[in-house]
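Read the structure below first, then the notes.
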Amino acid sequence: MTEALLDHQGTVSIGGRTITNLRLADDIDGLAGTEEELGKLVKRFDDTSSKFGMEINAEKTKLMTNTSQPLTNKITLNGQELEAVSQFKYLGAIMNEKGSHTEVISRAAHTAKAMANSSQCGKTRRSV
């Protein structure tokens, strides 16, 4: 999916850093600041997947906005309109239009700490 994101500049910014996607295992969440940008991003993911003989499951692909305003444009994948949802689960946290920033940041920090601790397990300390 790196190829699909190569030229995607994105307009979503958190703490001054542009965020274009969230990835975990075989899941990817694309982030876009406008409906037009989101439609283009979905098309890029689809085109790139096709180049590698993969297909995105339109039934499992969902769209969500972070406003109370519904999407005004239909975004499709393989001729099927993608469903707009008001919430979804990411890293065990329920994300909705109001966000779950604190929960996700907490889980990410916990994961980073666990990874750092596991990388320390193989190191031995010497005292002189």
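By convention here, the chains of the structure tokens are called A, B, ... in the order presented, each chain's residues are numbered starting at 1, and ligands are numbered starting at 1 in the order presented.
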Non-local contacts of Ala32 (chain A) (9 Å; only C-alpha atoms; under 5 positions in same chain excluded) as a ChimeraX atom specification
/A:10-12,19-21,37-39,41
If we count only C-alpha atoms, what is near Ala25 (chain A) at a cut-off of 12 Å, once residues fewer than 3 positions away on the same chain are taken out, given as number ranges by chain?
A: 22, 28-29, 90-91
Can you write just those residues out, N, CA, C and O atoms, as a CSV table (one decimal), in the first residue's frame?
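Dumped to result-v4.csv:
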```csv
chain,number,residue,atom,x,y,z
A,22,LEU,N,-3.6,4.8,8.8
A,22,LEU,CA,-3.3,4.0,10.0
A,22,LEU,C,-3.3,2.6,9.5
A,22,LEU,O,-4.2,2.1,8.8
A,28,ILE,N,-6.0,-1.4,6.9
A,28,ILE,CA,-5.5,0.0,6.6
A,28,ILE,C,-6.6,0.9,6.6
A,28,ILE,O,-7.7,0.7,6.1
A,29,ASP,N,-6.4,2.0,7.3
A,29,ASP,CA,-7.4,3.1,7.4
A,29,ASP,C,-6.8,4.3,6.7
A,29,ASP,O,-5.8,4.9,7.1
A,90,TYR,N,-11.2,0.3,16.0
A,90,TYR,CA,-9.8,0.3,15.6
A,90,TYR,C,-8.9,0.1,16.8
A,90,TYR,O,-9.1,0.9,17.8
A,91,LEU,N,-8.1,-0.9,16.8
A,91,LEU,CA,-7.2,-1.2,17.9
A,91,LEU,C,-8.0,-1.4,19.2
A,91,LEU,O,-7.6,-1.0,20.3
```
Pick out the closest residue to Thr67 (chain A) from this set: A:Phe45, A:Gly53, A:Lys40, A:Glu97. Count only C-alpha atoms.
A:Glu97
Using only C-alpha atoms, which protein or nucleic acid residues come within 9 Å of Phe88 (chain A)? Drop anything in the same chain fewer than 4 positions from it, and give the result as number ranges by chain.
A: 62, 64, 93-96
Report as a list in words: the residues of region 17-70 of chain A with a DSSP assignment of alpha helix (DSSP H), based on the backbone of this structure.
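Output for region 17-70 of chain A, alpha helix (DSSP H) only: Glu35, Glu36, Glu37, Leu38, Gly39, Lys40, Leu41, Val42, Lys43, Arg44, Phe45, Asp46, Asp47, Thr48, Ser49, Ser50 and Lys51 of chain A.
Shell of Glu3 (chain A) at 10 Å, with only C-alpha atoms counted and residues fewer than 5 places along the chain excluded, is His8, Arg44, Phe45, Thr48 and Ser49 of chain A.
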Interatomic distance, CA of Glu83 (chain A) to CA of Val42 (chain A) (Å, one decimal):
12.8 Å
Could you please write out, as a list in words, every residue of region 4-124 of chain A that DSSP assigns to strand (DSSP E or B)?
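Put together, the selection reads Ser13, Ile14, Arg17, Thr18, Asn21, Leu22, Arg23, Leu24, Asp27, Ile28, Asp29, Gly30, Lys62, Leu63, Thr76, Leu77, Gln80, Glu81, Glu83, Ala84, Gln87, Phe88, Lys89, Tyr90, Ala93, Ile94, Met95 and Asn96 of chain A.
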